file my_file-v8.pdb (PDB, C-alpha atoms, pLDDT in the B column)
ATOM      1  CA  MET J   2       0.000   0.000   0.000  1.00 41.00           C
ATOM      2  CA  ARG J   3       1.340   3.368  -0.928  1.00 44.00           C
ATOM      3  CA  GLY J   4      -0.301   6.498   0.275  1.00 44.00           C
ATOM      4  CA  ASP J   5       0.141   9.874   1.925  1.00 41.00           C
ATOM      5  CA  LEU J   6      -1.012   9.602   5.530  1.00 49.00           C
ATOM      6  CA  ARG J   7       0.438  12.877   6.863  1.00 64.00           C
ATOM      7  CA  PRO J   8       1.637  15.864   4.893  1.00 73.00           C
ATOM      8  CA  GLY J   9       4.825  14.839   3.142  1.00 86.00           C
ATOM      9  CA  LEU J  10       4.755  11.308   4.564  1.00 95.00           C
ATOM     10  CA  VAL J  11       4.505   8.210   2.382  1.00 96.00           C
ATOM     11  CA  ILE J  12       4.233   4.678   3.733  1.00 97.00           C
ATOM     12  CA  ARG J  13       5.317   2.020   1.261  1.00 97.00           C
ATOM     13  CA  PRO J  14       6.316  -1.643   1.412  1.00 98.00           C
ATOM     14  CA  ALA J  15       9.933  -2.008   2.496  1.00 98.00           C
ATOM     15  CA  SER J  16      12.295  -4.234   0.534  1.00 97.00           C
ATOM     16  CA  ALA J  17      15.746  -5.759   0.806  1.00 98.00           C
ATOM     17  CA  SER J  18      17.158  -2.773  -1.088  1.00 98.00           C
ATOM     18  CA  ASP J  19      16.241  -0.599   1.940  1.00 98.00           C
ATOM     19  CA  ALA J  20      18.385  -2.666   4.338  1.00 98.00           C
ATOM     20  CA  GLU J  21      21.323  -0.283   4.755  1.00 98.00           C
ATOM     21  CA  VAL J  22      19.183   2.756   5.578  1.00 98.00           C
ATOM     22  CA  VAL J  23      16.804   0.704   7.736  1.00 98.00           C
ATOM     23  CA  THR J  24      19.753  -0.730   9.669  1.00 97.00           C
ATOM     24  CA  ARG J  25      21.166   2.727  10.377  1.00 97.00           C
ATOM     25  CA  ILE J  26      17.801   4.027  11.599  1.00 97.00           C
ATOM     26  CA  TYR J  27      17.285   0.876  13.683  1.00 94.00           C
ATOM     27  CA  VAL J  28      20.701   1.240  15.357  1.00 93.00           C
ATOM     28  CA  ASP J  29      20.368   4.985  15.953  1.00 92.00           C
ATOM     29  CA  SER J  30      16.838   4.600  17.325  1.00 91.00           C
ATOM     30  CA  TRP J  31      17.853   1.644  19.502  1.00 87.00           C
ATOM     31  CA  ASN J  32      20.752   3.558  21.013  1.00 87.00           C
ATOM     32  CA  ALA J  33      18.706   6.726  21.605  1.00 86.00           C
ATOM     33  CA  SER J  34      15.703   4.858  23.012  1.00 84.00           C
ATOM     34  CA  PHE J  35      17.242   2.232  25.222  1.00 79.00           C
ATOM     35  CA  GLY J  36      20.449   3.958  26.347  1.00 67.00           C
ATOM     36  CA  GLY J  37      21.182   2.592  29.793  1.00 71.00           C
ATOM     37  CA  LEU J  38      18.149   0.299  29.925  1.00 74.00           C
ATOM     38  CA  LEU J  39      19.905  -2.644  28.241  1.00 69.00           C
ATOM     39  CA  SER J  40      23.455  -3.893  28.383  1.00 64.00           C
ATOM     40  CA  GLN J  41      23.667  -4.080  24.578  1.00 61.00           C
ATOM     41  CA  ALA J  42      22.401  -0.519  24.090  1.00 59.00           C
ATOM     42  CA  ASP J  43      25.362   0.764  22.102  1.00 72.00           C
ATOM     43  CA  ARG J  44      24.753  -1.082  18.866  1.00 80.00           C
ATOM     44  CA  THR J  45      26.642  -0.300  15.679  1.00 89.00           C
ATOM     45  CA  VAL J  46      25.925  -0.878  12.019  1.00 93.00           C
ATOM     46  CA  THR J  47      27.810  -3.974  10.882  1.00 94.00           C
ATOM     47  CA  PRO J  48      27.719  -5.976   7.652  1.00 96.00           C
ATOM     48  CA  ASP J  49      26.105  -8.858   9.574  1.00 96.00           C
ATOM     49  CA  LEU J  50      23.352  -6.613  10.900  1.00 95.00           C
ATOM     50  CA  VAL J  51      22.689  -5.183   7.421  1.00 97.00           C
ATOM     51  CA  ALA J  52      22.503  -8.771   6.101  1.00 98.00           C
ATOM     52  CA  ARG J  53      20.032  -9.679   8.843  1.00 97.00           C
ATOM     53  CA  TRP J  54      17.818  -6.725   7.928  1.00 97.00           C
ATOM     54  CA  ARG J  55      18.110  -7.552   4.225  1.00 98.00           C
ATOM     55  CA  HIS J  56      16.857 -11.061   5.050  1.00 98.00           C
ATOM     56  CA  ASP J  57      14.039  -9.827   7.318  1.00 97.00           C
ATOM     57  CA  LEU J  58      12.813  -7.228   4.816  1.00 98.00           C
ATOM     58  CA  SER J  59      12.577  -9.875   2.081  1.00 97.00           C
ATOM     59  CA  ARG J  60      10.718 -12.545   4.074  1.00 96.00           C
ATOM     60  CA  PRO J  61       7.550 -13.770   2.367  1.00 96.00           C
ATOM     61  CA  LEU J  62       4.016 -13.432   3.665  1.00 95.00           C
ATOM     62  CA  PRO J  63       2.740 -13.545   6.337  1.00 95.00           C
ATOM     63  CA  HIS J  64       5.648 -11.206   7.215  1.00 96.00           C
ATOM     64  CA  ARG J  65       5.210  -7.619   6.058  1.00 97.00           C
ATOM     65  CA  TRP J  66       7.455  -4.569   6.346  1.00 98.00           C
ATOM     66  CA  TRP J  67       6.846  -0.892   5.586  1.00 98.00           C
ATOM     67  CA  ALA J  68       9.120   2.089   5.216  1.00 98.00           C
ATOM     68  CA  ALA J  69       7.997   5.614   6.017  1.00 98.00           C
ATOM     69  CA  GLU J  70       9.454   8.264   3.708  1.00 97.00           C
ATOM     70  CA  ARG J  71       9.610  12.026   3.844  1.00 95.00           C
ATOM     71  CA  SER J  72      11.022  13.906   0.869  1.00 92.00           C
ATOM     72  CA  GLY J  73      12.155  10.605  -0.618  1.00 94.00           C
ATOM     73  CA  SER J  74      14.200   9.549   2.430  1.00 96.00           C
ATOM     74  CA  ILE J  75      13.330   6.685   4.754  1.00 98.00           C
ATOM     75  CA  VAL J  76      12.562   7.981   8.249  1.00 98.00           C
ATOM     76  CA  GLY J  77      11.011   4.907   9.875  1.00 98.00           C
ATOM     77  CA  CYS J  78      10.132   1.264   9.510  1.00 98.00           C
ATOM     78  CA  ALA J  79       7.656  -1.233  10.942  1.00 98.00           C
ATOM     79  CA  GLY J  80       6.957  -4.906  10.452  1.00 98.00           C
ATOM     80  CA  ILE J  81       4.414  -7.551  11.398  1.00 98.00           C
ATOM     81  CA  GLY J  82       4.080 -11.302  11.275  1.00 97.00           C
ATOM     82  CA  PRO J  83       2.834 -14.215  13.328  1.00 97.00           C
ATOM     83  CA  SER J  84       3.740 -14.159  17.004  1.00 97.00           C
ATOM     84  CA  ARG J  85       7.166 -15.559  17.844  1.00 94.00           C
ATOM     85  CA  ASP J  86       6.742 -15.432  21.631  1.00 93.00           C
ATOM     86  CA  PRO J  87       4.405 -17.080  22.297  1.00 93.00           C
ATOM     87  CA  VAL J  88       4.743 -19.096  19.110  1.00 94.00           C
ATOM     88  CA  ASP J  89       1.153 -19.038  17.910  1.00 93.00           C
ATOM     89  CA  PRO J  90       0.073 -18.562  14.283  1.00 89.00           C
ATOM     90  CA  ALA J  91      -3.309 -17.242  15.485  1.00 93.00           C
ATOM     91  CA  ILE J  92      -1.662 -14.273  17.230  1.00 97.00           C
ATOM     92  CA  GLY J  93      -0.099 -11.458  15.237  1.00 98.00           C
ATOM     93  CA  GLU J  94       2.991  -9.567  16.289  1.00 98.00           C
ATOM     94  CA  LEU J  95       4.136  -6.019  15.791  1.00 98.00           C
ATOM     95  CA  ASP J  96       7.686  -7.210  15.183  1.00 96.00           C
ATOM     96  CA  SER J  97       9.442  -3.848  15.182  1.00 95.00           C
ATOM     97  CA  ILE J  98       8.747  -0.187  14.820  1.00 96.00           C
ATOM     98  CA  PHE J  99      11.422   2.474  14.842  1.00 95.00           C
ATOM     99  CA  VAL J 100      11.704   6.047  13.667  1.00 96.00           C
ATOM    100  CA  ASP J 101      14.730   8.205  12.918  1.00 96.00           C
ATOM    101  CA  GLN J 102      15.198  10.440  15.957  1.00 92.00           C
ATOM    102  CA  PRO J 103      14.736  13.799  14.148  1.00 92.00           C
ATOM    103  CA  HIS J 104      11.248  12.531  13.172  1.00 94.00           C
ATOM    104  CA  TRP J 105      10.104  11.422  16.627  1.00 90.00           C
ATOM    105  CA  ARG J 106       6.741  12.875  17.641  1.00 89.00           C
ATOM    106  CA  THR J 107       5.887  13.955  14.098  1.00 92.00           C
ATOM    107  CA  GLY J 108       3.286  11.257  13.357  1.00 93.00           C
ATOM    108  CA  VAL J 109       5.611   8.781  11.633  1.00 96.00           C
ATOM    109  CA  GLY J 110       5.221   6.104  14.321  1.00 95.00           C
ATOM    110  CA  SER J 111       1.449   6.545  14.472  1.00 95.00           C
ATOM    111  CA  ALA J 112       1.186   6.272  10.685  1.00 96.00           C
ATOM    112  CA  LEU J 113       3.309   3.108  10.616  1.00 97.00           C
ATOM    113  CA  VAL J 114       1.286   1.503  13.418  1.00 96.00           C
ATOM    114  CA  ALA J 115      -2.005   2.381  11.690  1.00 95.00           C
ATOM    115  CA  VAL J 116      -0.847   0.529   8.568  1.00 97.00           C
ATOM    116  CA  ALA J 117       0.362  -2.395  10.691  1.00 97.00           C
ATOM    117  CA  HIS J 118      -2.987  -2.599  12.523  1.00 96.00           C
ATOM    118  CA  ARG J 119      -4.921  -2.613   9.233  1.00 96.00           C
ATOM    119  CA  HIS J 120      -2.791  -5.432   7.847  1.00 97.00           C
ATOM    120  CA  LEU J 121      -2.953  -7.460  11.056  1.00 97.00           C
ATOM    121  CA  ALA J 122      -6.749  -7.269  10.711  1.00 96.00           C
ATOM    122  CA  ARG J 123      -6.702  -8.146   6.994  1.00 95.00           C
ATOM    123  CA  ASP J 124      -4.422 -11.090   7.747  1.00 96.00           C
ATOM    124  CA  GLY J 125      -7.079 -12.443  10.124  1.00 95.00           C
ATOM    125  CA  TYR J 126      -5.484 -11.740  13.484  1.00 97.00           C
ATOM    126  CA  ARG J 127      -7.855 -10.707  16.264  1.00 96.00           C
ATOM    127  CA  VAL J 128      -5.132 -10.204  18.847  1.00 97.00           C
ATOM    128  CA  ALA J 129      -1.526  -9.079  18.531  1.00 98.00           C
ATOM    129  CA  VAL J 130       1.481  -8.787  20.805  1.00 98.00           C
ATOM    130  CA  LEU J 131       4.655  -6.738  20.851  1.00 98.00           C
ATOM    131  CA  TRP J 132       7.732  -6.722  23.032  1.00 97.00           C
ATOM    132  CA  THR J 133       9.337  -3.590  24.406  1.00 95.00           C
ATOM    133  CA  VAL J 134      11.970  -2.748  26.971  1.00 93.00           C
ATOM    134  CA  ALA J 135      10.783  -2.548  30.565  1.00 93.00           C
ATOM    135  CA  GLY J 136      11.209   0.998  31.805  1.00 91.00           C
ATOM    136  CA  TYR J 137      11.065   2.541  28.319  1.00 92.00           C
ATOM    137  CA  ARG J 138       8.348   5.019  29.306  1.00 92.00           C
ATOM    138  CA  GLN J 139       8.191   6.870  25.973  1.00 90.00           C
ATOM    139  CA  GLY J 140       7.507   3.641  24.080  1.00 92.00           C
ATOM    140  CA  ILE J 141       5.145   2.152  26.660  1.00 96.00           C
ATOM    141  CA  ASP J 142       3.170   5.413  26.836  1.00 96.00           C
ATOM    142  CA  PHE J 143       2.971   5.508  23.014  1.00 95.00           C
ATOM    143  CA  TYR J 144       1.683   1.942  22.812  1.00 96.00           C
ATOM    144  CA  GLN J 145      -0.837   2.448  25.615  1.00 97.00           C
ATOM    145  CA  ALA J 146      -2.177   5.588  23.941  1.00 95.00           C
ATOM    146  CA  ILE J 147      -3.025   3.506  20.846  1.00 94.00           C
ATOM    147  CA  GLY J 148      -4.709   0.612  22.647  1.00 95.00           C
ATOM    148  CA  TRP J 149      -1.904  -1.749  23.713  1.00 98.00           C
ATOM    149  CA  HIS J 150      -1.585  -2.891  27.335  1.00 98.00           C
ATOM    150  CA  PRO J 151       0.975  -4.905  29.298  1.00 97.00           C
ATOM    151  CA  ASP J 152      -0.254  -8.494  29.644  1.00 97.00           C
ATOM    152  CA  GLY J 153       2.211  -9.748  32.263  1.00 96.00           C
ATOM    153  CA  GLY J 154       4.583 -11.490  29.827  1.00 97.00           C
ATOM    154  CA  VAL J 155       8.289 -10.912  30.460  1.00 97.00           C
ATOM    155  CA  ARG J 156      11.506 -12.237  28.976  1.00 94.00           C
ATOM    156  CA  ASP J 157      15.227 -11.548  29.042  1.00 88.00           C
ATOM    157  CA  GLN J 158      15.258 -11.736  32.853  1.00 89.00           C
ATOM    158  CA  GLY J 159      12.504  -9.127  33.078  1.00 91.00           C
ATOM    159  CA  ARG J 160      14.196  -6.580  30.811  1.00 89.00           C
ATOM    160  CA  GLN J 161      11.444  -6.904  28.197  1.00 93.00           C
ATOM    161  CA  ILE J 162       7.689  -6.780  28.687  1.00 97.00           C
ATOM    162  CA  ARG J 163       4.963  -8.016  26.384  1.00 98.00           C
ATOM    163  CA  MET J 164       2.015  -5.871  25.415  1.00 98.00           C
ATOM    164  CA  ARG J 165      -1.203  -7.056  23.807  1.00 98.00           C
ATOM    165  CA  ARG J 166      -3.976  -5.495  21.771  1.00 97.00           C
ATOM    166  CA  ALA J 167      -7.264  -6.621  20.327  1.00 96.00           C
ATOM    167  CA  ILE J 168      -7.339  -6.229  16.553  1.00 95.00           C
ATOM    168  CA  GLU J 169     -10.615  -5.063  15.095  1.00 89.00           C
ATOM    169  CA  PRO J 170     -11.857  -7.049  12.093  1.00 88.00           C
ATOM    170  CA  PRO J 171     -11.510  -5.215   8.792  1.00 81.00           C
ATOM    171  CA  ARG J 172     -14.430  -3.082   7.741  1.00 78.00           C
ATOM    172  CA  PRO J 173     -16.371  -4.380   4.735  1.00 73.00           C
TER     173      PRO J 173
END
call {"tool": "encode", "arguments": {"input": "my_file-v8.pdb", "output": "structure tokens"}}
result
Amino acid sequence: MRGDLRPGLVIRPASASDAEVVTRIYVDSWNASFGGLLSQADRTVTPDLVARWRHDLSRPLPHRWWAAERSGSIVGCAGIGPSRDPVDPAIGELDSIFVDQPHWRTGVGSALVAVAHRHLARDGYRVAVLWTVAGYRQGIDFYQAIGWHPDGGVRDQGRQIRMRRAIEPPRP
């Protein structure tokens, strides 16, 4: 799906050719967001990480990835697929969402999540999960404001919490 959701913002399917830019935004966003919250907070762009993103962005359905662009430059990315934790093909997962720091709080994240929610519904999921870092108030507050709630799931020795959301069926 390609479309303008906010002035100057285009959400389009992401592809393997976006991997280098997506990796840089992922690393920069990770480092800015999680700082001292995780021991591996200071990530760097490496050829292996770019290769991992190239692989992830080219995975077939039911995995989907989108890139958000402003003025022809990628400023964010989001992806969905079946839940990996818990492993359950009936539960969808907001795999990742990240936005280039200069574009935080400009509607990019909300636009990406809106597209993800629509596709989770179209793919038949009625519930979805996501994982975020415990203590990451900005992210948790963002997710709660758009209908996600902590469901008690934790992993990584309590450093990550799971959030859950009902997915509305698609409108006819």
call {"tool": "closest_residue", "arguments": {"input": "my_file-v8.pdb", "among": "J:Asp29, J:Glu70, J:Asp57, J:Asp49", "to": "J:Arg13", "atoms": "only C-alpha atoms"}}
result
J:Glu70
call {"tool": "axis_aligned_box", "arguments": {"input": "my_file-v8.pdb", "around": "stretch 60-77 of chain J", "padding_each_side": "8 Å", "output": "JSON"}}
result
{"center_x": 8.5, "center_y": 0.1, "center_z": 4.6, "size_x": 27.5, "size_y": 43.7, "size_z": 26.5}
call {"tool": "residues_around", "arguments": {"input": "my_file-v8.pdb", "residues": "J:Asp43", "least_positions_apart": "4", "cutoff": "12 Å", "atoms": "only C-alpha atoms", "output": "mmCIF file with C-alpha atoms, keeping the file's coordinate frame"}}
result
data_model
loop_
_atom_site.group_PDB
_atom_site.id
_atom_site.type_symbol
_atom_site.label_atom_id
_atom_site.label_comp_id
_atom_site.auth_asym_id
_atom_site.auth_seq_id
_atom_site.Cartn_x
_atom_site.Cartn_y
_atom_site.Cartn_z
ATOM 1 C CA TYR J 27 17.285 0.876 13.683
ATOM 2 C CA VAL J 28 20.701 1.240 15.357
ATOM 3 C CA ASP J 29 20.368 4.985 15.953
ATOM 4 C CA SER J 30 16.838 4.600 17.325
ATOM 5 C CA TRP J 31 17.853 1.644 19.502
ATOM 6 C CA ASN J 32 20.752 3.558 21.013
ATOM 7 C CA ALA J 33 18.706 6.726 21.605
ATOM 8 C CA SER J 34 15.703 4.858 23.012
ATOM 9 C CA PHE J 35 17.242 2.232 25.222
ATOM 10 C CA GLY J 36 20.449 3.958 26.347
ATOM 11 C CA GLY J 37 21.182 2.592 29.793
ATOM 12 C CA LEU J 38 18.149 0.299 29.925
ATOM 13 C CA LEU J 39 19.905 -2.644 28.241
#
call {"tool": "resolve_selection", "arguments": {"input": "my_file-v8.pdb", "expression": "the PyMOL selection byres ((chain J and resi 71-83) around 6)", "output": "number ranges by chain"}}
result
J: 9-10, 63-70, 84, 90, 92-101
call {"tool": "atom_distance", "arguments": {"input": "my_file-v8.pdb", "atom1": "atom CA of J:Arg44", "atom2": "atom CA of J:Val22"}}
result
14.9 Å
call {"tool": "atom_distance", "arguments": {"input": "my_file-v8.pdb", "atom1": "atom CA of J:Val23", "atom2": "atom CA of J:Ala91"}}
result
28.0 Å
call {"tool": "closest_residue", "arguments": {"input": "my_file-v8.pdb", "among": "J:Pro48, J:Arg55, J:Val109, J:Gly140", "to": "J:Ser18", "atoms": "only C-alpha atoms"}}
result
J:Arg55
call {"tool": "residues_near_point", "arguments": {"input": "my_file-v8.pdb", "point": "(-2.4, -3.9, 4.4)", "cutoff": "10 Å", "atoms": "all atoms listed in the file", "output": "list in words"}}
result
Met2, Arg3, Pro14, Arg65, Trp67, Ala115, Val116, Ala117, His118, Arg119, His120, Leu121, Ala122, Arg123 and Asp124 of chain J
call {"tool": "atom_distance", "arguments": {"input": "my_file-v8.pdb", "atom1": "atom CA of J:Leu58", "atom2": "atom CA of J:Gly153"}}
result
29.5 Å
